[in-house]
Amino acid sequence: MSADIRLIVGLGNPGPEYTATRHNAGFWFVEDLARQFNTSLTPDSKYFGQTARLGPPYSDTRLLLPMTFMNKSGQAVGAMANFFKVTPEQILVVHDELDLPPGVAKFKQGGGHGGHNGLKDIIRALGNNANFHRLRIGIGHPGHASKVTGYVLGKAPSQEQQLIDDALQASLRGVEIALRDGWTAAKQYLHSIKPE
C-alpha cells in the first residue's frame, strides 16, 4: 500500500548566502528529488515558492521550496495545501534536525516543532494540525542552545557534509519506497542505515 504523499516540502532559506548552510538541508533534498525525477522547480508567486510535479506514476505529488524564509514557511505550505485540497497527512516536510547526528535521517509523523521555526509556522498555517509527515535530516547539535542559530546558519565541515549528503541519498531512496510501498517499508529501510 503506497503512501499517499501529495506534497513534499523542503525547508530552507532563499538566497545565495544560505545555499550551503545546514538549515537548508530540506532544500537540498527536494532539489535532489526534482533532479532524480527529471523535473524542474520553477518560481510560482501563488505559492510563495518554487514548485514542480513528479512524473508518472506520481504525477499527483507536488514539490515545494518556500521562498519566504524559514520562519514564514507556513505561508507557502498553507497556500498550496489549500489550493490543491491536500490534508496534513498527505504532506511530507523535509527539514534539518539538530537531535540527529550527521549521516542519520528518520521519518516521523506528527509531534511538536522542537523549536524549529519552519515547522512551527507550518503547524500554525495548517490550523494547528501537526499531523504531517517529516523527514528529519540529521545535522548534529553544537552542544549549547546559545550556539544553535550560528550553527544552523553555518556550513558543515566537509567530512560532516559528506555524511549529510549520504543521508540525503538514502532518504531519496526512502521516499521512493514510501511512494511505492508505503511508510512502514520506507521506515524499515531508512531507519536501518548506519552512517559509515
# chains A, B, ... in the order shown; residues from 1 in each chain; ligands from 1
>>> select_by_dssp(residues="range 2-196 of chain A", states="alpha helix (DSSP H)", output="compact mmCIF listing (two decimals) with all heavy atoms, in the first residue's frame")
# COMPACT_ATOMS: atom_id res chain seq x y z
N ALA A 25 19.08 21.96 4.52
CA ALA A 25 19.07 20.52 4.18
C ALA A 25 17.77 20.11 3.47
O ALA A 25 17.78 19.27 2.57
CB ALA A 25 19.29 19.69 5.44
N GLY A 26 16.66 20.71 3.86
CA GLY A 26 15.38 20.40 3.21
C GLY A 26 15.37 20.82 1.75
O GLY A 26 14.86 20.10 0.88
N PHE A 27 15.93 22.01 1.48
CA PHE A 27 16.06 22.47 0.09
C PHE A 27 16.89 21.48 -0.71
O PHE A 27 16.54 21.11 -1.84
CB PHE A 27 16.77 23.84 0.05
CG PHE A 27 15.85 25.04 0.15
CD1 PHE A 27 14.58 24.95 0.68
CD2 PHE A 27 16.29 26.29 -0.28
CE1 PHE A 27 13.75 26.06 0.78
CE2 PHE A 27 15.48 27.41 -0.18
CZ PHE A 27 14.21 27.30 0.34
N TRP A 28 18.04 21.07 -0.14
CA TRP A 28 18.94 20.16 -0.86
C TRP A 28 18.19 18.89 -1.27
O TRP A 28 18.34 18.41 -2.38
CB TRP A 28 20.15 19.77 0.00
CG TRP A 28 20.98 20.90 0.49
CD1 TRP A 28 21.06 22.17 -0.04
CD2 TRP A 28 21.84 20.89 1.63
NE1 TRP A 28 21.92 22.94 0.71
CE2 TRP A 28 22.42 22.18 1.74
CE3 TRP A 28 22.19 19.93 2.58
CZ2 TRP A 28 23.33 22.52 2.75
CZ3 TRP A 28 23.08 20.25 3.58
CH2 TRP A 28 23.65 21.53 3.66
N PHE A 29 17.39 18.37 -0.32
CA PHE A 29 16.69 17.11 -0.59
C PHE A 29 15.71 17.27 -1.76
O PHE A 29 15.69 16.45 -2.68
CB PHE A 29 15.94 16.61 0.65
CG PHE A 29 15.13 15.38 0.36
CD1 PHE A 29 15.74 14.14 0.37
CD2 PHE A 29 13.80 15.48 0.00
CE1 PHE A 29 15.01 12.99 0.03
CE2 PHE A 29 13.07 14.35 -0.33
CZ PHE A 29 13.68 13.10 -0.30
N VAL A 30 14.89 18.32 -1.71
CA VAL A 30 13.86 18.49 -2.75
C VAL A 30 14.51 18.80 -4.11
O VAL A 30 14.04 18.32 -5.15
CB VAL A 30 12.82 19.56 -2.33
CG1 VAL A 30 11.93 19.97 -3.49
CG2 VAL A 30 11.95 19.00 -1.19
N GLU A 31 15.61 19.53 -4.09
CA GLU A 31 16.33 19.78 -5.35
C GLU A 31 16.87 18.46 -5.92
O GLU A 31 16.77 18.22 -7.13
CB GLU A 31 17.47 20.79 -5.11
CG GLU A 31 16.94 22.21 -4.91
CD GLU A 31 17.95 23.16 -4.26
OE1 GLU A 31 19.03 22.70 -3.81
OE2 GLU A 31 17.64 24.35 -4.19
N ASP A 32 17.40 17.61 -5.04
CA ASP A 32 17.89 16.29 -5.48
C ASP A 32 16.74 15.44 -6.03
O ASP A 32 16.89 14.73 -7.03
CB ASP A 32 18.56 15.53 -4.32
CG ASP A 32 19.93 16.10 -3.95
OD1 ASP A 32 20.47 16.92 -4.73
OD2 ASP A 32 20.45 15.73 -2.89
N LEU A 33 15.61 15.50 -5.33
CA LEU A 33 14.44 14.70 -5.75
C LEU A 33 13.95 15.15 -7.12
O LEU A 33 13.64 14.32 -7.99
CB LEU A 33 13.33 14.83 -4.70
CG LEU A 33 12.13 13.90 -4.86
CD1 LEU A 33 12.53 12.43 -4.71
CD2 LEU A 33 11.05 14.23 -3.82
N ALA A 34 13.89 16.47 -7.33
CA ALA A 34 13.47 17.01 -8.63
C ALA A 34 14.41 16.50 -9.74
O ALA A 34 13.96 16.08 -10.80
CB ALA A 34 13.45 18.54 -8.59
N ARG A 35 15.72 16.55 -9.44
CA ARG A 35 16.70 16.06 -10.43
C ARG A 35 16.49 14.57 -10.73
O ARG A 35 16.51 14.14 -11.87
CB ARG A 35 18.13 16.28 -9.92
CG ARG A 35 18.73 17.62 -10.34
CD ARG A 35 20.22 17.68 -10.08
NE ARG A 35 20.55 17.64 -8.66
CZ ARG A 35 20.57 18.70 -7.86
NH1 ARG A 35 20.26 19.90 -8.33
NH2 ARG A 35 20.87 18.59 -6.59
N GLN A 36 16.26 13.82 -9.66
CA GLN A 36 16.09 12.37 -9.82
C GLN A 36 14.89 12.05 -10.71
O GLN A 36 14.90 11.10 -11.49
CB GLN A 36 15.92 11.72 -8.45
CG GLN A 36 15.85 10.21 -8.51
CD GLN A 36 15.99 9.60 -7.12
OE1 GLN A 36 16.80 10.04 -6.31
NE2 GLN A 36 15.19 8.61 -6.83
N SER A 73 7.58 29.74 6.53
CA SER A 73 7.36 28.61 5.62
C SER A 73 5.89 28.24 5.48
O SER A 73 5.45 27.77 4.43
CB SER A 73 8.13 27.38 6.11
OG SER A 73 9.51 27.63 6.18
N GLY A 74 5.12 28.45 6.54
CA GLY A 74 3.71 28.07 6.52
C GLY A 74 2.89 28.81 5.48
O GLY A 74 1.89 28.29 4.98
N GLN A 75 3.33 30.03 5.14
CA GLN A 75 2.59 30.81 4.13
C GLN A 75 2.53 30.05 2.81
O GLN A 75 1.48 29.94 2.18
CB GLN A 75 3.30 32.16 3.95
CG GLN A 75 2.55 33.12 3.05
CD GLN A 75 3.29 34.45 2.89
OE1 GLN A 75 4.45 34.58 3.28
NE2 GLN A 75 2.62 35.42 2.31
N ALA A 76 3.67 29.50 2.40
CA ALA A 76 3.75 28.75 1.15
C ALA A 76 3.01 27.41 1.25
O ALA A 76 2.23 27.04 0.38
CB ALA A 76 5.21 28.53 0.77
N VAL A 77 3.27 26.70 2.34
CA VAL A 77 2.66 25.37 2.53
C VAL A 77 1.14 25.50 2.62
O VAL A 77 0.40 24.75 1.97
CB VAL A 77 3.23 24.67 3.78
CG1 VAL A 77 2.53 23.34 4.02
CG2 VAL A 77 4.74 24.46 3.64
N GLY A 78 0.68 26.48 3.39
CA GLY A 78 -0.77 26.69 3.55
C GLY A 78 -1.43 27.02 2.22
O GLY A 78 -2.49 26.49 1.88
N ALA A 79 -0.78 27.89 1.42
CA ALA A 79 -1.35 28.30 0.13
C ALA A 79 -1.50 27.10 -0.80
O ALA A 79 -2.54 26.90 -1.43
CB ALA A 79 -0.47 29.36 -0.52
N MET A 80 -0.48 26.27 -0.85
CA MET A 80 -0.52 25.12 -1.76
C MET A 80 -1.48 24.04 -1.26
O MET A 80 -2.23 23.45 -2.05
CB MET A 80 0.89 24.55 -1.94
CG MET A 80 1.06 23.90 -3.29
SD MET A 80 2.79 23.72 -3.73
CE MET A 80 2.59 23.10 -5.38
N ALA A 81 -1.43 23.78 0.03
CA ALA A 81 -2.32 22.75 0.61
C ALA A 81 -3.79 23.15 0.42
O ALA A 81 -4.63 22.31 0.07
CB ALA A 81 -2.00 22.55 2.08
N ASN A 82 -4.09 24.43 0.63
CA ASN A 82 -5.48 24.90 0.47
C ASN A 82 -5.92 24.77 -0.98
O ASN A 82 -7.01 24.27 -1.26
CB ASN A 82 -5.63 26.36 0.91
CG ASN A 82 -5.58 26.49 2.42
OD1 ASN A 82 -5.85 25.53 3.13
ND2 ASN A 82 -5.22 27.66 2.90
N PHE A 83 -5.07 25.21 -1.90
CA PHE A 83 -5.47 25.22 -3.31
C PHE A 83 -5.71 23.81 -3.84
O PHE A 83 -6.69 23.56 -4.53
CB PHE A 83 -4.41 25.93 -4.16
CG PHE A 83 -4.86 26.12 -5.59
CD1 PHE A 83 -5.67 27.19 -5.94
CD2 PHE A 83 -4.51 25.20 -6.57
CE1 PHE A 83 -6.11 27.35 -7.25
CE2 PHE A 83 -4.94 25.34 -7.89
CZ PHE A 83 -5.75 26.43 -8.23
N ASN A 117 11.69 26.75 13.67
CA ASN A 117 10.77 27.81 13.27
C ASN A 117 9.98 27.50 12.02
O ASN A 117 8.83 27.93 11.87
CB ASN A 117 11.53 29.13 13.09
CG ASN A 117 11.97 29.70 14.43
OD1 ASN A 117 11.33 29.48 15.44
ND2 ASN A 117 13.10 30.38 14.43
N GLY A 118 10.57 26.74 11.10
CA GLY A 118 9.84 26.36 9.89
C GLY A 118 8.66 25.46 10.23
O GLY A 118 7.53 25.67 9.77
N LEU A 119 8.91 24.45 11.06
CA LEU A 119 7.84 23.53 11.47
C LEU A 119 6.76 24.27 12.26
O LEU A 119 5.57 24.05 12.08
CB LEU A 119 8.41 22.39 12.33
CG LEU A 119 9.36 21.40 11.64
CD1 LEU A 119 9.86 20.37 12.64
CD2 LEU A 119 8.67 20.70 10.47
N LYS A 120 7.21 25.16 13.14
CA LYS A 120 6.28 25.92 13.98
C LYS A 120 5.29 26.70 13.10
O LYS A 120 4.08 26.69 13.33
CB LYS A 120 7.10 26.90 14.83
CG LYS A 120 6.33 27.55 15.97
CD LYS A 120 7.16 28.62 16.68
CE LYS A 120 8.36 28.05 17.41
NZ LYS A 120 9.09 29.10 18.17
N ASP A 121 5.81 27.35 12.04
CA ASP A 121 4.95 28.16 11.18
C ASP A 121 4.04 27.28 10.32
O ASP A 121 2.90 27.66 10.04
CB ASP A 121 5.82 29.07 10.29
CG ASP A 121 4.99 30.24 9.75
OD1 ASP A 121 4.38 30.97 10.56
OD2 ASP A 121 4.93 30.40 8.52
N ILE A 122 4.52 26.11 9.90
CA ILE A 122 3.67 25.20 9.11
C ILE A 122 2.52 24.67 9.96
O ILE A 122 1.37 24.63 9.52
CB ILE A 122 4.51 24.04 8.53
CG1 ILE A 122 5.46 24.59 7.45
CG2 ILE A 122 3.62 22.95 7.96
CD1 ILE A 122 6.51 23.61 6.98
N ILE A 123 2.82 24.30 11.21
CA ILE A 123 1.76 23.82 12.11
C ILE A 123 0.69 24.90 12.26
O ILE A 123 -0.51 24.64 12.16
CB ILE A 123 2.35 23.42 13.48
CG1 ILE A 123 3.23 22.16 13.33
CG2 ILE A 123 1.24 23.17 14.52
CD1 ILE A 123 4.10 21.83 14.54
N ARG A 124 1.14 26.14 12.45
CA ARG A 124 0.19 27.27 12.59
C ARG A 124 -0.64 27.41 11.31
O ARG A 124 -1.86 27.55 11.36
CB ARG A 124 0.99 28.55 12.87
CG ARG A 124 0.13 29.79 13.09
CD ARG A 124 0.93 31.08 12.92
NE ARG A 124 1.58 31.18 11.62
CZ ARG A 124 0.94 31.41 10.47
NH1 ARG A 124 -0.38 31.54 10.43
NH2 ARG A 124 1.62 31.49 9.33
N ALA A 125 0.01 27.35 10.15
CA ALA A 125 -0.68 27.56 8.87
C ALA A 125 -1.68 26.44 8.57
O ALA A 125 -2.64 26.64 7.83
CB ALA A 125 0.33 27.66 7.74
N VAL A 148 23.01 27.62 18.67
CA VAL A 148 22.22 26.96 17.62
C VAL A 148 22.07 27.83 16.37
O VAL A 148 22.26 27.36 15.26
CB VAL A 148 20.84 26.52 18.17
CG1 VAL A 148 19.86 26.22 17.05
CG2 VAL A 148 21.00 25.28 19.05
N THR A 149 21.74 29.11 16.53
CA THR A 149 21.48 29.96 15.36
C THR A 149 22.70 30.02 14.45
O THR A 149 22.61 29.80 13.24
CB THR A 149 21.05 31.37 15.80
OG1 THR A 149 19.88 31.24 16.61
CG2 THR A 149 20.69 32.23 14.59
N GLY A 150 23.86 30.31 15.03
CA GLY A 150 25.08 30.37 14.23
C GLY A 150 25.41 29.04 13.58
O GLY A 150 25.92 28.98 12.47
N TYR A 151 25.07 27.96 14.31
CA TYR A 151 25.38 26.61 13.83
C TYR A 151 24.52 26.26 12.61
O TYR A 151 25.03 25.83 11.57
CB TYR A 151 25.16 25.62 14.96
CG TYR A 151 25.46 24.18 14.62
CD1 TYR A 151 26.77 23.71 14.59
CD2 TYR A 151 24.43 23.28 14.36
CE1 TYR A 151 27.06 22.38 14.29
CE2 TYR A 151 24.70 21.95 14.07
CZ TYR A 151 26.01 21.51 14.03
OH TYR A 151 26.28 20.20 13.74
N VAL A 152 23.20 26.44 12.72
CA VAL A 152 22.33 26.04 11.60
C VAL A 152 22.55 26.94 10.39
O VAL A 152 22.36 26.51 9.25
CB VAL A 152 20.82 25.99 11.98
CG1 VAL A 152 20.57 24.94 13.06
CG2 VAL A 152 20.25 27.34 12.37
N SER A 158 33.69 19.60 5.65
CA SER A 158 33.49 18.68 4.52
C SER A 158 33.17 17.25 4.94
O SER A 158 32.35 16.58 4.32
CB SER A 158 34.69 18.71 3.58
OG SER A 158 35.85 18.35 4.29
N GLN A 159 33.78 16.78 6.03
CA GLN A 159 33.51 15.41 6.47
C GLN A 159 32.05 15.25 6.92
O GLN A 159 31.37 14.27 6.59
CB GLN A 159 34.44 15.06 7.62
CG GLN A 159 34.75 13.58 7.73
CD GLN A 159 35.78 13.31 8.84
OE1 GLN A 159 36.37 14.24 9.40
NE2 GLN A 159 35.96 12.05 9.16
N GLU A 160 31.57 16.24 7.68
CA GLU A 160 30.16 16.24 8.12
C GLU A 160 29.24 16.38 6.92
O GLU A 160 28.20 15.72 6.84
CB GLU A 160 29.91 17.42 9.06
CG GLU A 160 29.99 17.08 10.52
CD GLU A 160 29.75 18.32 11.38
OE1 GLU A 160 28.80 19.09 11.10
OE2 GLU A 160 30.52 18.51 12.32
N GLN A 161 29.60 17.26 5.99
CA GLN A 161 28.77 17.49 4.81
C GLN A 161 28.63 16.19 4.01
O GLN A 161 27.56 15.88 3.50
CB GLN A 161 29.35 18.60 3.94
CG GLN A 161 28.45 18.99 2.77
CD GLN A 161 27.12 19.55 3.22
OE1 GLN A 161 27.05 20.44 4.05
NE2 GLN A 161 26.03 19.01 2.68
N GLN A 162 29.70 15.42 3.94
CA GLN A 162 29.66 14.14 3.22
C GLN A 162 28.65 13.19 3.89
O GLN A 162 27.87 12.51 3.21
CB GLN A 162 31.05 13.49 3.17
CG GLN A 162 31.11 12.24 2.31
CD GLN A 162 30.65 12.49 0.87
OE1 GLN A 162 31.20 13.33 0.17
NE2 GLN A 162 29.62 11.76 0.42
N LEU A 163 28.65 13.17 5.22
CA LEU A 163 27.68 12.33 5.95
C LEU A 163 26.25 12.78 5.67
O LEU A 163 25.34 11.97 5.46
CB LEU A 163 27.97 12.40 7.46
CG LEU A 163 29.20 11.65 7.96
CD1 LEU A 163 29.53 12.06 9.39
CD2 LEU A 163 29.00 10.14 7.87
N ILE A 164 26.04 14.11 5.67
CA ILE A 164 24.70 14.65 5.39
C ILE A 164 24.29 14.27 3.96
O ILE A 164 23.15 13.84 3.72
CB ILE A 164 24.67 16.18 5.61
CG1 ILE A 164 24.88 16.52 7.09
CG2 ILE A 164 23.34 16.77 5.12
CD1 ILE A 164 25.15 17.98 7.39
N ASP A 165 25.22 14.42 3.02
CA ASP A 165 24.92 14.06 1.63
C ASP A 165 24.56 12.58 1.49
O ASP A 165 23.65 12.22 0.74
CB ASP A 165 26.11 14.39 0.71
CG ASP A 165 26.34 15.89 0.56
OD1 ASP A 165 25.42 16.67 0.90
OD2 ASP A 165 27.43 16.29 0.13
N ASP A 166 25.28 11.72 2.22
CA ASP A 166 24.97 10.28 2.20
C ASP A 166 23.56 10.03 2.72
O ASP A 166 22.81 9.22 2.17
CB ASP A 166 25.97 9.50 3.06
CG ASP A 166 27.38 9.49 2.45
OD1 ASP A 166 27.53 9.86 1.27
OD2 ASP A 166 28.33 9.13 3.17
N ALA A 167 23.20 10.75 3.81
CA ALA A 167 21.85 10.59 4.38
C ALA A 167 20.79 11.09 3.40
O ALA A 167 19.70 10.51 3.31
CB ALA A 167 21.75 11.35 5.71
N LEU A 168 21.10 12.14 2.65
CA LEU A 168 20.16 12.65 1.65
C LEU A 168 19.95 11.59 0.56
O LEU A 168 18.82 11.37 0.12
CB LEU A 168 20.67 13.95 1.02
CG LEU A 168 20.65 15.19 1.94
CD1 LEU A 168 21.44 16.34 1.31
CD2 LEU A 168 19.23 15.64 2.23
N GLN A 169 21.02 10.94 0.14
CA GLN A 169 20.90 9.90 -0.89
C GLN A 169 20.04 8.74 -0.39
O GLN A 169 19.16 8.24 -1.11
CB GLN A 169 22.29 9.38 -1.30
CG GLN A 169 23.06 10.34 -2.18
CD GLN A 169 22.26 10.81 -3.39
OE1 GLN A 169 21.74 10.01 -4.16
NE2 GLN A 169 22.12 12.12 -3.54
N ALA A 170 20.28 8.32 0.85
CA ALA A 170 19.47 7.24 1.43
C ALA A 170 18.01 7.68 1.55
O ALA A 170 17.08 6.89 1.33
CB ALA A 170 20.02 6.85 2.81
N SER A 171 17.81 8.96 1.87
CA SER A 171 16.44 9.49 2.03
C SER A 171 15.69 9.52 0.71
O SER A 171 14.47 9.30 0.67
CB SER A 171 16.49 10.90 2.62
OG SER A 171 17.11 10.88 3.89
N LEU A 172 16.40 9.81 -0.38
CA LEU A 172 15.76 9.77 -1.71
C LEU A 172 15.19 8.39 -1.96
O LEU A 172 14.05 8.24 -2.41
CB LEU A 172 16.77 10.11 -2.81
CG LEU A 172 17.21 11.56 -2.93
CD1 LEU A 172 18.34 11.69 -3.95
CD2 LEU A 172 16.05 12.46 -3.33
N ARG A 173 15.99 7.39 -1.65
CA ARG A 173 15.53 6.01 -1.81
C ARG A 173 14.36 5.73 -0.86
O ARG A 173 13.39 5.09 -1.24
CB ARG A 173 16.73 5.09 -1.50
CG ARG A 173 16.45 3.63 -1.56
CD ARG A 173 17.01 2.98 -2.84
NE ARG A 173 16.61 1.57 -2.89
CZ ARG A 173 15.44 1.15 -3.34
NH1 ARG A 173 14.56 1.97 -3.83
NH2 ARG A 173 15.15 -0.14 -3.34
N GLY A 174 14.46 6.25 0.37
CA GLY A 174 13.39 6.07 1.35
C GLY A 174 12.06 6.65 0.87
O GLY A 174 11.00 6.03 1.03
N VAL A 175 12.11 7.83 0.27
CA VAL A 175 10.87 8.46 -0.21
C VAL A 175 10.32 7.70 -1.41
O VAL A 175 9.10 7.52 -1.53
CB VAL A 175 11.10 9.96 -0.53
CG1 VAL A 175 9.95 10.54 -1.34
CG2 VAL A 175 11.28 10.74 0.78
N GLU A 176 11.20 7.22 -2.27
CA GLU A 176 10.73 6.39 -3.39
C GLU A 176 10.01 5.13 -2.88
O GLU A 176 8.97 4.74 -3.39
CB GLU A 176 11.91 5.96 -4.26
CG GLU A 176 12.08 6.78 -5.50
CD GLU A 176 13.06 6.15 -6.46
OE1 GLU A 176 14.26 6.41 -6.33
OE2 GLU A 176 12.61 5.37 -7.33
N ILE A 177 10.59 4.52 -1.84
CA ILE A 177 9.96 3.33 -1.25
C ILE A 177 8.60 3.70 -0.64
O ILE A 177 7.62 2.97 -0.80
CB ILE A 177 10.89 2.67 -0.20
CG1 ILE A 177 12.13 2.09 -0.88
CG2 ILE A 177 10.15 1.58 0.58
CD1 ILE A 177 13.23 1.64 0.07
N ALA A 178 8.54 4.86 0.03
CA ALA A 178 7.26 5.30 0.62
C ALA A 178 6.20 5.48 -0.46
O ALA A 178 5.06 5.02 -0.32
CB ALA A 178 7.46 6.61 1.40
N LEU A 179 6.58 6.14 -1.55
CA LEU A 179 5.62 6.37 -2.64
C LEU A 179 5.14 5.05 -3.24
O LEU A 179 3.98 4.92 -3.62
CB LEU A 179 6.28 7.22 -3.74
CG LEU A 179 6.47 8.71 -3.43
CD1 LEU A 179 7.44 9.35 -4.42
CD2 LEU A 179 5.15 9.46 -3.42
N ARG A 180 6.04 4.09 -3.30
CA ARG A 180 5.70 2.81 -3.96
C ARG A 180 5.07 1.80 -3.00
O ARG A 180 4.08 1.16 -3.29
CB ARG A 180 6.96 2.23 -4.59
CG ARG A 180 6.72 1.08 -5.54
CD ARG A 180 8.02 0.49 -6.05
NE ARG A 180 8.79 -0.08 -4.95
CZ ARG A 180 10.10 0.15 -4.75
NH1 ARG A 180 10.76 0.94 -5.57
NH2 ARG A 180 10.74 -0.41 -3.75
N ASP A 181 5.69 1.65 -1.79
CA ASP A 181 5.32 0.56 -0.90
C ASP A 181 4.74 0.99 0.45
O ASP A 181 4.35 0.14 1.24
CB ASP A 181 6.55 -0.34 -0.63
CG ASP A 181 7.17 -0.88 -1.91
OD1 ASP A 181 6.40 -1.21 -2.83
OD2 ASP A 181 8.41 -0.95 -1.99
N TRP A 183 4.72 3.70 4.14
CA TRP A 183 5.58 4.24 5.18
C TRP A 183 6.34 3.17 5.96
O TRP A 183 7.49 3.37 6.33
CB TRP A 183 4.77 5.09 6.17
CG TRP A 183 4.34 6.39 5.60
CD1 TRP A 183 3.05 6.80 5.35
CD2 TRP A 183 5.18 7.47 5.18
NE1 TRP A 183 3.06 8.06 4.79
CE2 TRP A 183 4.33 8.49 4.69
CE3 TRP A 183 6.56 7.67 5.17
CZ2 TRP A 183 4.83 9.70 4.21
CZ3 TRP A 183 7.06 8.87 4.69
CH2 TRP A 183 6.20 9.87 4.20
N THR A 184 5.69 2.04 6.22
CA THR A 184 6.35 1.01 7.04
C THR A 184 7.61 0.52 6.34
O THR A 184 8.68 0.46 6.95
CB THR A 184 5.38 -0.16 7.31
OG1 THR A 184 4.20 0.38 7.91
CG2 THR A 184 5.98 -1.17 8.26
N ALA A 185 7.49 0.21 5.06
CA ALA A 185 8.66 -0.25 4.29
C ALA A 185 9.73 0.83 4.22
O ALA A 185 10.93 0.56 4.35
CB ALA A 185 8.23 -0.66 2.88
N ALA A 186 9.29 2.08 4.04
CA ALA A 186 10.24 3.19 3.93
C ALA A 186 11.01 3.38 5.24
O ALA A 186 12.23 3.58 5.23
CB ALA A 186 9.50 4.48 3.57
N LYS A 187 10.31 3.27 6.36
CA LYS A 187 10.97 3.42 7.67
C LYS A 187 11.93 2.26 7.93
O LYS A 187 13.04 2.46 8.41
CB LYS A 187 9.94 3.49 8.79
CG LYS A 187 9.23 4.82 8.87
CD LYS A 187 8.17 4.83 9.96
CE LYS A 187 7.42 6.14 9.95
NZ LYS A 187 6.27 6.15 10.83
N GLN A 188 11.49 1.05 7.59
CA GLN A 188 12.37 -0.12 7.78
C GLN A 188 13.68 0.08 7.02
O GLN A 188 14.75 -0.21 7.53
CB GLN A 188 11.67 -1.40 7.29
CG GLN A 188 10.72 -1.97 8.31
CD GLN A 188 9.85 -3.07 7.74
OE1 GLN A 188 9.76 -3.27 6.53
NE2 GLN A 188 9.19 -3.80 8.61
N TYR A 189 13.57 0.60 5.81
CA TYR A 189 14.77 0.82 5.01
C TYR A 189 15.63 1.95 5.61
O TYR A 189 16.80 1.74 5.94
CB TYR A 189 14.39 1.17 3.56
CG TYR A 189 15.56 1.74 2.79
CD1 TYR A 189 16.59 0.92 2.32
CD2 TYR A 189 15.68 3.12 2.57
CE1 TYR A 189 17.68 1.44 1.65
CE2 TYR A 189 16.79 3.66 1.91
CZ TYR A 189 17.78 2.81 1.46
OH TYR A 189 18.88 3.34 0.82
N LEU A 190 15.05 3.14 5.77
CA LEU A 190 15.85 4.31 6.15
C LEU A 190 16.40 4.20 7.56
O LEU A 190 17.55 4.56 7.82
CB LEU A 190 15.01 5.59 5.99
CG LEU A 190 15.79 6.90 6.15
CD1 LEU A 190 16.89 7.01 5.08
CD2 LEU A 190 14.86 8.10 6.05
>>> residues_around(residues="range 87-97 of chain A", least_positions_apart="3", cutoff="6 Å", atoms="only C-alpha atoms", output="CSV table (one decimal) with N, CA, C and O atoms, in the first residue's frame")
chain,number,residue,atom,x,y,z
A,4,ASP,N,0.3,7.9,0.6
A,4,ASP,CA,-0.4,9.0,-0.1
A,4,ASP,C,0.2,10.3,0.2
A,4,ASP,O,-0.2,11.0,1.1
A,5,ILE,N,1.3,10.6,-0.6
A,5,ILE,CA,2.0,11.8,-0.4
A,5,ILE,C,1.7,12.7,-1.6
A,5,ILE,O,2.0,12.4,-2.7
A,6,ARG,N,1.0,13.8,-1.3
A,6,ARG,CA,0.7,14.7,-2.4
A,6,ARG,C,1.5,16.0,-2.4
A,6,ARG,O,1.5,16.7,-3.4
A,7,LEU,N,2.2,16.3,-1.3
A,7,LEU,CA,3.1,17.5,-1.3
A,7,LEU,C,4.3,17.2,-0.5
A,7,LEU,O,4.3,16.7,0.6
A,8,ILE,N,5.5,17.4,-1.1
A,8,ILE,CA,6.8,17.3,-0.5
A,8,ILE,C,7.4,18.6,-0.4
A,8,ILE,O,7.7,19.3,-1.4
A,9,VAL,N,7.6,19.1,0.8
A,9,VAL,CA,8.1,20.5,1.1
A,9,VAL,C,9.5,20.4,1.6
A,9,VAL,O,9.8,19.6,2.6
A,10,GLY,N,10.5,21.1,1.0
A,10,GLY,CA,11.8,21.2,1.6
A,10,GLY,C,12.0,22.5,2.3
A,10,GLY,O,11.6,23.6,1.7
A,11,LEU,N,12.5,22.5,3.5
A,11,LEU,CA,12.6,23.8,4.2
A,11,LEU,C,14.1,24.3,4.1
A,11,LEU,O,15.0,23.6,4.1
A,23,HIS,N,20.9,24.7,7.6
A,23,HIS,CA,19.5,24.9,7.7
A,23,HIS,C,18.8,24.7,6.4
A,23,HIS,O,17.5,24.6,6.4
A,25,ALA,N,19.1,22.0,4.5
A,25,ALA,CA,19.1,20.5,4.2
A,25,ALA,C,17.8,20.1,3.5
A,25,ALA,O,17.8,19.3,2.6
A,26,GLY,N,16.7,20.7,3.9
A,26,GLY,CA,15.4,20.4,3.2
A,26,GLY,C,15.4,20.8,1.8
A,26,GLY,O,14.9,20.1,0.9
A,100,LEU,N,19.6,14.7,15.6
A,100,LEU,CA,20.1,13.5,15.0
A,100,LEU,C,21.5,13.9,14.5
A,100,LEU,O,21.7,15.0,14.0
A,131,ASN,N,-0.1,16.9,12.2
A,131,ASN,CA,-0.1,15.5,11.9
A,131,ASN,C,0.6,15.2,10.5
A,131,ASN,O,0.4,14.1,9.9
A,132,PHE,N,1.4,16.1,10.0
A,132,PHE,CA,2.0,15.9,8.7
A,132,PHE,C,3.3,15.0,8.9
A,132,PHE,O,3.7,14.9,10.1
A,133,HIS,N,3.8,14.4,7.9
A,133,HIS,CA,5.0,13.5,8.0
A,133,HIS,C,6.2,14.4,7.9
A,133,HIS,O,6.2,15.5,7.2
A,134,ARG,N,7.2,14.0,8.6
A,134,ARG,CA,8.5,14.7,8.5
A,134,ARG,C,9.6,13.8,8.1
A,134,ARG,O,9.6,12.6,8.4
A,135,LEU,N,10.5,14.3,7.3
A,135,LEU,CA,11.8,13.6,7.0
A,135,LEU,C,12.9,14.5,7.7
A,135,LEU,O,13.1,15.6,7.3
A,136,ARG,N,13.5,13.9,8.7
A,136,ARG,CA,14.4,14.7,9.6
A,136,ARG,C,15.8,14.3,9.1
A,136,ARG,O,16.3,13.2,9.3
A,137,ILE,N,16.5,15.3,8.6
A,137,ILE,CA,17.9,15.1,8.1
A,137,ILE,C,18.9,15.6,9.2
A,137,ILE,O,18.9,16.8,9.6
A,138,GLY,N,19.6,14.7,9.8
A,138,GLY,CA,20.5,15.0,11.0
A,138,GLY,C,21.6,15.9,10.6
A,138,GLY,O,22.3,15.7,9.6
A,139,ILE,N,21.8,17.0,11.4
A,139,ILE,CA,22.9,17.9,11.2
A,139,ILE,C,23.8,18.0,12.5
A,139,ILE,O,24.8,18.7,12.5
>>> residues_around(residues="Tyr18 in chain A", least_positions_apart="3", cutoff="10 Å", atoms="only C-alpha atoms", output="number ranges by chain")
A: 12-15, 21-24, 152-155
>>> atom_distance(atom1="CA of Asn71 in chain A", atom2="CA of His113 in chain A")
11.9 Å
>>> atom_distance(atom1="CA of Tyr58 in chain A", atom2="CA of Lys108 in chain A")
21.3 Å
>>> atom_distance(atom1="CA of Phe107 in chain A", atom2="CA of His191 in chain A")
7.9 Å
